[in-house]
>>> print(open('input_0.cif').read())   # mmCIF, C-alpha atoms
data_structure
#
loop_
_atom_site.label_atom_id
_atom_site.label_comp_id
_atom_site.auth_asym_id
_atom_site.auth_seq_id
_atom_site.Cartn_x
_atom_site.Cartn_y
_atom_site.Cartn_z
CA MET A 1 42.75 12.45 -151.41
CA LYS A 2 43.83 13.90 -148.04
CA ILE A 3 42.30 10.93 -146.25
CA ARG A 4 44.20 8.51 -148.50
CA LEU A 5 47.50 10.32 -147.82
CA SER A 6 46.85 10.23 -144.08
CA ILE A 7 46.26 6.48 -144.19
CA LEU A 8 49.48 5.97 -146.16
CA SER A 9 51.41 8.15 -143.71
CA LEU A 10 50.08 6.13 -140.78
CA PHE A 11 51.03 2.87 -142.52
CA PHE A 12 54.61 3.96 -143.13
CA ALA A 13 54.99 5.28 -139.58
CA VAL A 14 53.82 1.99 -138.11
CA THR A 15 55.86 -0.31 -140.36
CA GLY A 16 59.00 1.82 -140.23
CA VAL A 17 59.17 2.09 -144.03
CA PHE A 18 59.88 5.54 -145.47
CA LEU A 19 59.63 6.61 -149.08
CA THR A 20 62.01 9.45 -148.26
CA PRO A 21 64.37 9.78 -145.30
CA ILE A 22 62.93 11.49 -142.24
CA ALA A 23 64.41 14.31 -140.20
CA SER A 24 63.60 16.22 -137.07
CA ALA A 25 62.36 19.79 -137.18
CA ASP A 26 65.88 21.28 -137.16
CA GLU A 27 67.20 18.96 -139.86
CA THR A 28 66.76 18.72 -143.59
CA THR A 29 66.96 15.46 -145.44
CA ALA A 30 69.67 14.58 -147.90
CA ALA A 31 68.66 11.48 -149.82
CA PRO A 32 71.20 10.35 -152.40
CA ARG A 33 68.84 7.58 -153.50
CA GLU A 34 65.22 6.61 -153.04
CA THR A 35 64.96 4.83 -149.69
CA LYS A 36 62.41 2.34 -151.00
CA THR A 37 65.30 0.55 -152.72
CA LEU A 38 67.06 -0.08 -149.40
CA LYS A 39 66.31 -3.26 -147.46
CA LEU A 40 67.65 -3.70 -143.92
CA ALA A 41 67.10 -6.39 -141.31
CA SER A 42 67.69 -4.19 -138.26
CA GLY A 43 64.59 -3.16 -136.36
CA SER A 44 65.77 0.45 -135.94
CA SER A 45 68.33 2.33 -137.99
CA LEU A 46 69.61 5.80 -138.71
CA LEU A 47 72.34 7.20 -140.96
CA LEU A 48 73.43 10.78 -140.32
CA ASP A 49 75.75 13.06 -142.30
CA ILE A 50 77.97 14.44 -139.53
CA GLN A 51 79.09 17.52 -141.46
CA THR A 52 75.59 18.75 -142.27
CA ASN A 53 73.64 17.04 -139.45
CA LYS A 54 71.24 15.76 -142.12
CA VAL A 55 69.50 12.42 -141.84
CA ILE A 56 70.28 10.36 -144.92
CA TYR A 57 68.15 7.39 -143.95
CA ALA A 58 66.04 6.35 -140.97
CA SER A 59 63.71 3.51 -140.08
CA ASN A 60 61.98 3.43 -136.68
CA PRO A 61 64.55 5.94 -135.35
CA ASP A 62 62.50 6.88 -132.28
CA VAL A 63 61.48 3.45 -131.02
CA VAL A 64 62.82 2.98 -127.48
CA VAL A 65 64.66 -0.35 -127.20
CA PRO A 66 67.31 -2.03 -125.03
CA ILE A 67 70.78 -1.22 -126.38
CA ALA A 68 72.95 -3.90 -124.74
CA SER A 69 76.70 -3.13 -124.75
CA VAL A 70 76.28 -0.02 -126.87
CA SER A 71 75.81 1.39 -123.35
CA LYS A 72 79.58 1.11 -122.91
CA LEU A 73 80.10 3.99 -125.32
CA MET A 74 78.42 6.27 -122.78
CA THR A 75 80.49 4.59 -120.07
CA GLY A 76 83.60 5.52 -122.02
CA LEU A 77 82.45 9.09 -122.57
CA VAL A 78 81.80 9.61 -118.87
CA VAL A 79 85.21 8.17 -117.96
CA VAL A 80 87.07 10.39 -120.44
CA GLU A 81 85.23 13.51 -119.33
CA SER A 82 85.97 12.78 -115.67
CA ARG A 83 89.66 13.45 -116.42
CA GLN A 84 90.84 10.79 -114.00
CA ASN A 85 94.40 9.50 -114.19
CA MET A 86 94.36 7.00 -117.07
CA ASP A 87 97.59 5.38 -115.84
CA GLU A 88 96.25 4.65 -112.36
CA TYR A 89 95.89 0.95 -111.55
CA ILE A 90 92.35 0.08 -110.46
CA ASP A 91 91.14 -3.25 -109.10
CA VAL A 92 88.38 -5.25 -110.76
CA ASN A 93 85.16 -4.67 -108.80
CA ILE A 94 81.59 -5.66 -109.71
CA SER A 95 80.10 -5.56 -106.19
CA ASP A 96 77.46 -2.91 -107.00
CA THR A 97 76.48 -4.33 -110.39
CA PRO A 98 73.91 -7.09 -109.74
CA GLU A 99 73.56 -7.68 -113.47
CA MET A 100 77.06 -9.19 -113.39
CA LYS A 101 76.01 -12.11 -111.16
CA GLY A 102 76.67 -15.37 -112.98
CA VAL A 103 78.13 -13.67 -116.08
CA PHE A 104 81.32 -15.38 -117.27
CA SER A 105 84.52 -13.41 -117.61
CA ARG A 106 88.19 -14.32 -117.98
CA VAL A 107 89.11 -11.24 -115.95
CA LYS A 108 89.83 -12.10 -112.32
CA LEU A 109 88.10 -10.20 -109.54
CA ARG A 110 90.36 -7.87 -107.54
CA SER A 111 93.18 -8.08 -110.09
CA GLU A 112 94.50 -4.70 -111.26
CA LEU A 113 94.89 -2.93 -114.58
CA PRO A 114 95.53 0.72 -115.55
CA ARG A 115 92.34 2.68 -116.14
CA ARG A 116 93.27 3.22 -119.80
CA GLU A 117 93.61 -0.52 -120.41
CA MET A 118 90.39 -1.15 -118.51
CA LEU A 119 88.63 1.30 -120.83
CA LEU A 120 90.29 -0.34 -123.84
CA ILE A 121 88.92 -3.82 -123.16
CA ALA A 122 85.51 -2.41 -122.22
CA LEU A 123 85.18 -0.66 -125.58
CA MET A 124 87.16 -2.92 -127.89
CA SER A 125 86.16 -6.33 -126.56
CA SER A 126 83.03 -5.36 -124.61
CA GLU A 127 84.45 -6.75 -121.36
CA ASN A 128 81.67 -6.37 -118.79
CA ARG A 129 83.84 -6.56 -115.69
CA ALA A 130 86.00 -3.76 -117.05
CA ALA A 131 83.00 -1.51 -117.62
CA ALA A 132 81.65 -2.19 -114.13
CA THR A 133 85.09 -1.54 -112.64
CA LEU A 134 85.34 1.86 -114.31
CA ALA A 135 82.04 2.82 -112.70
CA HIS A 136 83.10 1.58 -109.28
CA HIS A 137 86.24 3.74 -109.40
CA TYR A 138 84.46 6.96 -110.40
CA PRO A 139 84.58 10.01 -108.09
CA GLY A 140 81.62 9.63 -105.74
CA GLY A 141 81.32 5.93 -106.47
CA TYR A 142 79.08 3.70 -108.54
CA ALA A 143 75.79 5.56 -108.03
CA ALA A 144 77.46 8.82 -109.02
CA PHE A 145 78.69 7.20 -112.23
CA ILE A 146 75.19 6.06 -113.25
CA ALA A 147 73.89 9.54 -112.45
CA ALA A 148 76.64 10.99 -114.64
CA MET A 149 75.64 8.69 -117.53
CA ASN A 150 72.06 9.94 -117.39
CA ALA A 151 73.12 13.56 -116.91
CA LYS A 152 75.30 13.35 -120.01
CA ALA A 153 72.44 11.83 -121.98
CA ARG A 154 70.23 14.76 -121.00
CA ALA A 155 72.96 17.25 -121.88
CA LEU A 156 73.27 15.72 -125.35
CA GLY A 157 69.51 15.92 -125.91
CA MET A 158 69.07 12.16 -125.70
CA THR A 159 65.52 12.54 -124.42
CA ASN A 160 64.51 8.89 -124.81
CA THR A 161 67.58 7.36 -123.20
CA HIS A 162 68.04 5.93 -119.71
CA PHE A 163 70.81 3.94 -118.00
CA VAL A 164 70.67 1.85 -114.84
CA GLU A 165 74.16 0.28 -115.07
CA PRO A 166 77.37 0.65 -117.13
CA THR A 167 77.59 -2.63 -119.06
CA GLY A 168 74.35 -2.95 -121.04
CA LEU A 169 73.45 -6.30 -119.49
CA SER A 170 70.24 -4.80 -118.13
CA PRO A 171 67.32 -4.48 -120.58
CA ARG A 172 66.47 -1.27 -118.71
CA ASN A 173 69.37 0.46 -120.45
CA VAL A 174 67.32 1.89 -123.31
CA SER A 175 67.68 4.40 -126.11
CA THR A 176 66.71 5.11 -129.72
CA ALA A 177 68.64 5.19 -132.97
CA ARG A 178 68.24 8.97 -133.14
CA ASP A 179 69.53 9.45 -129.58
CA LEU A 180 72.52 7.19 -130.18
CA SER A 181 73.58 9.20 -133.22
CA LYS A 182 74.03 12.12 -130.78
CA LEU A 183 76.17 9.96 -128.53
CA LEU A 184 78.32 8.92 -131.50
CA ILE A 185 78.97 12.52 -132.49
CA ALA A 186 79.91 13.48 -128.92
CA ALA A 187 82.21 10.47 -128.42
CA HIS A 188 83.86 10.97 -131.82
CA LYS A 189 85.34 14.25 -130.55
CA TYR A 190 87.64 12.36 -128.17
CA PRO A 191 90.72 10.81 -129.86
CA LEU A 192 91.14 8.34 -126.98
CA LEU A 193 87.68 6.88 -127.58
CA THR A 194 88.24 6.62 -131.33
CA GLU A 195 91.62 4.96 -130.76
CA LEU A 196 90.47 2.44 -128.15
CA SER A 197 87.18 1.49 -129.78
CA THR A 198 88.85 0.75 -133.14
CA THR A 199 91.87 -1.16 -131.81
CA LYS A 200 91.88 -4.49 -133.62
CA GLU A 201 93.40 -6.61 -130.85
CA LYS A 202 95.59 -6.27 -127.79
CA THR A 203 97.16 -8.38 -125.05
CA VAL A 204 96.95 -6.67 -121.67
CA SER A 205 98.81 -7.57 -118.49
CA PHE A 206 97.11 -7.59 -115.10
CA ARG A 207 98.77 -7.61 -111.71
CA LYS A 208 97.83 -8.98 -108.25
CA PRO A 209 97.94 -11.67 -109.54
CA ASN A 210 100.10 -11.30 -112.62
CA TYR A 211 98.53 -12.69 -115.79
CA SER A 212 97.94 -11.65 -119.40
CA LEU A 213 94.88 -11.95 -121.63
CA GLY A 214 94.39 -11.32 -125.33
CA PHE A 215 91.34 -9.38 -126.52
CA ARG A 216 89.89 -8.80 -130.00
CA ASN A 217 87.53 -6.16 -131.31
CA THR A 218 83.90 -7.31 -131.41
CA ASP A 219 83.37 -5.26 -134.59
CA HIS A 220 85.05 -7.27 -137.33
CA LEU A 221 84.63 -4.35 -139.75
CA VAL A 222 87.68 -2.70 -138.16
CA ARG A 223 89.79 -5.46 -139.68
CA LYS A 224 88.45 -4.93 -143.20
CA PRO A 225 90.69 -2.70 -145.38
CA ASP A 226 87.74 -1.33 -147.34
CA TRP A 227 86.16 0.18 -144.20
CA ASP A 228 87.36 3.37 -142.50
CA ILE A 229 85.95 2.83 -138.99
CA GLN A 230 86.65 5.85 -136.78
CA LEU A 231 84.55 4.92 -133.74
CA THR A 232 82.49 1.82 -133.01
CA LYS A 233 80.63 -0.28 -130.47
CA THR A 234 78.67 -3.49 -130.78
CA GLY A 235 76.12 -5.02 -128.44
CA PHE A 236 74.01 -8.10 -127.95
CA THR A 237 71.50 -9.46 -125.47
CA ASN A 238 68.42 -11.56 -126.15
CA GLU A 239 66.23 -8.54 -125.41
CA ALA A 240 68.23 -6.08 -127.52
CA GLY A 241 69.18 -8.31 -130.45
CA HIS A 242 72.42 -7.53 -132.28
CA CYS A 243 73.38 -3.85 -132.30
CA LEU A 244 76.08 -1.82 -134.04
CA VAL A 245 76.95 1.88 -133.88
CA LEU A 246 79.86 3.46 -135.71
CA VAL A 247 81.36 6.51 -137.32
CA THR A 248 82.81 5.95 -140.78
CA ARG A 249 82.93 7.45 -144.26
CA MET A 250 80.46 6.73 -147.03
CA SER A 251 80.61 8.35 -150.43
CA ASN A 252 83.56 10.39 -149.14
CA ARG A 253 81.67 12.00 -146.26
CA PRO A 254 81.70 11.33 -142.50
CA VAL A 255 78.58 9.58 -141.25
CA ALA A 256 77.19 8.18 -138.01
CA LEU A 257 75.38 4.87 -138.39
CA VAL A 258 73.12 3.22 -135.82
CA LEU A 259 71.71 -0.29 -136.30
CA LEU A 260 69.63 -1.81 -133.49
CA ASP A 261 67.86 -5.11 -132.89
CA ALA A 262 69.10 -7.25 -135.77
CA TYR A 263 68.65 -11.01 -136.03
CA GLY A 264 71.68 -13.23 -136.44
CA LYS A 265 75.33 -12.95 -135.47
CA TYR A 266 76.38 -11.09 -138.62
CA THR A 267 73.15 -9.41 -139.73
CA HIS A 268 74.03 -5.98 -138.33
CA PHE A 269 77.38 -6.06 -140.16
CA ALA A 270 75.59 -7.08 -143.35
CA ASP A 271 73.17 -4.19 -142.85
CA ALA A 272 76.12 -1.80 -142.55
CA ALA A 273 77.46 -3.08 -145.87
CA ARG A 274 74.00 -2.85 -147.46
CA ILE A 275 73.51 0.76 -146.39
CA ARG A 276 76.99 1.78 -147.57
CA ASN A 277 76.43 0.13 -150.93
CA TRP A 278 73.06 1.89 -151.21
CA VAL A 279 74.61 5.29 -150.43
CA GLU A 280 77.37 4.80 -152.96
CA THR A 281 75.56 2.96 -155.77
CA GLY A 282 71.83 3.20 -155.12
CA LYS A 283 71.58 -0.59 -154.97
CA SER A 284 70.71 -2.82 -152.04
CA ALA A 285 71.26 -6.55 -151.58
CA ASN A 286 68.42 -8.78 -150.43
CA VAL A 287 67.94 -9.62 -146.76
CA ALA A 288 67.62 -13.21 -145.54
CA SER A 289 64.01 -14.25 -144.98
CA ALA A 290 64.68 -15.32 -141.38
CA ALA A 291 66.02 -11.86 -140.56
CA LEU A 292 63.03 -10.15 -142.19
CA GLN A 293 60.63 -12.42 -140.31
CA TYR A 294 62.35 -11.54 -137.02
CA LYS A 295 61.97 -7.83 -137.83
CA SER A 296 58.32 -8.27 -138.83
CA ASP A 297 57.56 -10.16 -135.61
CA LYS A 298 59.21 -7.45 -133.51
CA ASN A 299 57.29 -4.69 -135.32
CA LEU A 300 54.04 -6.58 -134.76
CA LYS A 301 54.79 -7.00 -131.05
CA GLN A 302 55.53 -3.27 -130.75
CA ARG A 303 52.27 -2.35 -132.48
CA GLN A 304 50.28 -4.71 -130.29
CA SER A 305 51.84 -3.21 -127.17
CA GLY A 306 51.13 0.28 -128.46
CA VAL A 307 54.82 1.18 -128.62
CA VAL A 308 55.49 2.36 -132.13
CA GLU A 309 57.51 5.49 -131.49
CA ALA A 310 58.76 7.29 -128.43
CA SER A 311 57.24 10.63 -127.61
CA LYS A 312 59.35 13.47 -128.96
#
>>> encode(input="input_0.cif", output="structure tokens")
Amino acid sequence: MKIRLSILSLFFAVTGVFLTPIASADETTAAPRETKTLKLASGSSLLLDIQTNKVIYASNPDVVVPIASVSKLMTGLVVVESRQNMDEYIDVNISDTPEMKGVFSRVKLRSELPRREMLLIALMSSENRAAATLAHHYPGGYAAFIAAMNAKARALGMTNTHFVEPTGLSPRNVSTARDLSKLLIAAHKYPLLTELSTTKEKTVSFRKPNYSLGFRNTDHLVRKPDWDIQLTKTGFTNEAGHCLVLVTRMSNRPVALVLLDAYGKYTHFADAARIRNWVETGKSANVASAALQYKSDKNLKQRQSGVVEASK
């Protein structure tokens, strides 16, 4: 009997399927429903009750993966904690960010924008040149900013997280769903980050030269009246897939949700809706077969490479 249970435990660990939510040693689980009823397309996911620090649901929460522009949430946290003048005009600079080479942007090099507005378009619209610029204008320069990103990750206990640049364009910016839930909780404490990341749209005015550009939030859930999004960031690269992290309310409680490596332009948003519906009703909608096949292929590749979970 013990052998059979061990085999089953190994199977669920490898496939990322859990019959009950998992938690770390200092957490206890709080499952409102049986997790076997929940179907998600995202390769890694974690839902955390912020008030109790209890994991409500998790699937592959410790797999280390590229996180794309979710990296910009750490960029924003480092900027806010540096206490630099948010009204200071800074010029657009990507000279020390090789990942920016050949990446299209409507933002003109060397034009100027207040630091606050630069942070706004980095978080709200995932503007890469804005994120790189914030790093270039950090005390001590670009290298000091990257060091600060990694130092903050260590301070938050994000033991499986590493950054090499501020935008998320590099696949070497990696983390886990569990680590990113810690980043969400830390960032949620700053009203400026919650305000900027959830702004629906904004037109900002640059100078030298003078021009204006309109930007929209990359998380379309902020425009839905039935969602209370308090902090959010999306991300996408071919290596990372589609990613979404946010703080919201489900079943009248504050939660942090991390969804990584989803297939399809809207799959991560659909997963967010599926997990909220599951929390509140116990029911889960079906996932498109193409999305499930993508997830299955990724899981197989991870098993073949021997990367199932990060070391704890």
>>> residues_around(input="input_0.cif", residues="segment 222-239 of chain A", least_positions_apart="5", cutoff="7 Å", atoms="only C-alpha atoms", output="count of residues only")
19
>>> residues_around(input="input_0.cif", residues="segment 161-166 of chain A", least_positions_apart="3", cutoff="8 Å", atoms="all atoms listed in the file", output="PyMOL selection string")
chain A and resi 64+71-72+75+97+131-132+135+146+149-150+153+158+169-170+172-176+179
>>> atom_distance(input="input_0.cif", atom1="atom CA of Glu117 of chain A", atom2="atom CA of Tyr89 of chain A")
9.3 Å
>>> atom_distance(input="input_0.cif", atom1="atom CA of Gly168 of chain A", atom2="atom CA of Val255 of chain A")
24.2 Å
>>> resolve_selection(input="input_0.cif", expression="the PyMOL selection byres ((chain A and resi 202) around 6)", output="list in words")
Glu201, Thr203, Gly214 and Phe215 of chain A
>>> write_last_selection(input="input_0.cif", atoms="C-alpha atoms", output="mmCIF file, in the frame of the given file")
data_model
loop_
_atom_site.group_PDB
_atom_site.id
_atom_site.type_symbol
_atom_site.label_atom_id
_atom_site.label_comp_id
_atom_site.auth_asym_id
_atom_site.auth_seq_id
_atom_site.Cartn_x
_atom_site.Cartn_y
_atom_site.Cartn_z
ATOM 1 C CA GLU A 201 93.400 -6.610 -130.850
ATOM 2 C CA THR A 203 97.160 -8.380 -125.050
ATOM 3 C CA GLY A 214 94.390 -11.320 -125.330
ATOM 4 C CA PHE A 215 91.340 -9.380 -126.520
#
>>> atom_distance(input="input_0.cif", atom1="atom CA of Pro61 of chain A", atom2="atom CA of Ser44 of chain A")
5.7 Å
>>> closest_residue(input="input_0.cif", among="A:Glu81, A:Glu88, A:Asp271, A:Glu127", to="Val103 of chain A", atoms="only C-alpha atoms")
A:Glu127
>>> resolve_selection(input="input_0.cif", expression="the PyMOL selection byres ((chain A and resi 82) around 12)", output="ChimeraX atom specification")
/A:75-81,83-86,115,134-135,137-140,144-145,148-149,152
>>> residues_around(input="input_0.cif", residues="His136 of chain A", least_positions_apart="3", cutoff="8 Å", atoms="all atoms listed in the file", output="PDB file with C-alpha atoms, in the coordinates of the input")
ATOM      1  CA  ASN A  93      85.160  -4.670-108.800  1.00  0.00           C
ATOM      2  CA  ILE A  94      81.590  -5.660-109.710  1.00  0.00           C
ATOM      3  CA  ASP A  96      77.460  -2.910-107.000  1.00  0.00           C
ATOM      4  CA  ALA A 132      81.650  -2.190-114.130  1.00  0.00           C
ATOM      5  CA  THR A 133      85.090  -1.540-112.640  1.00  0.00           C
ATOM      6  CA  GLY A 141      81.320   5.930-106.470  1.00  0.00           C
ATOM      7  CA  TYR A 142      79.080   3.700-108.540  1.00  0.00           C
ATOM      8  CA  PHE A 145      78.690   7.200-112.230  1.00  0.00           C
TER       9      PHE A 145
END
>>> closest_residue(input="input_0.cif", among="A:Leu156, A:Leu259, A:Met118, A:Leu113", to="Arg207 of chain A", atoms="all atoms listed in the file")
A:Leu113
>>> residues_near_point(input="input_0.cif", point="(88.8, -13.4, -119.4)", cutoff="12 Å", atoms="all atoms listed in the file", output="PyMOL selection string")
chain A and resi 92+103-109+111+121-122+125-130+203-206+211-216
>>> axis_aligned_box(input="input_0.cif", around="segment 65-81 of chain A", padding_each_side="8 Å", output="lines of an AutoDock Vina configuration file")
center_x = 75.9
center_y = 4.8
center_z = -122.6
size_x = 38.4
size_y = 33.4
size_z = 25.2
>>> closest_residue(input="input_0.cif", among="A:Lys208, A:Leu193, A:Gly264, A:Met124", to="His220 of chain A", atoms="only C-alpha atoms")
A:Met124
>>> closest_residue(input="input_0.cif", among="A:Ser181, A:Thr281, A:Ser95, A:Asn252", to="Asn53 of chain A", atoms="all atoms listed in the file")
A:Ser181
>>> closest_residue(input="input_0.cif", among="A:Leu221, A:Val258, A:Ala147, A:Asn60", to="Ala273 of chain A", atoms="all atoms listed in the file")
A:Leu221
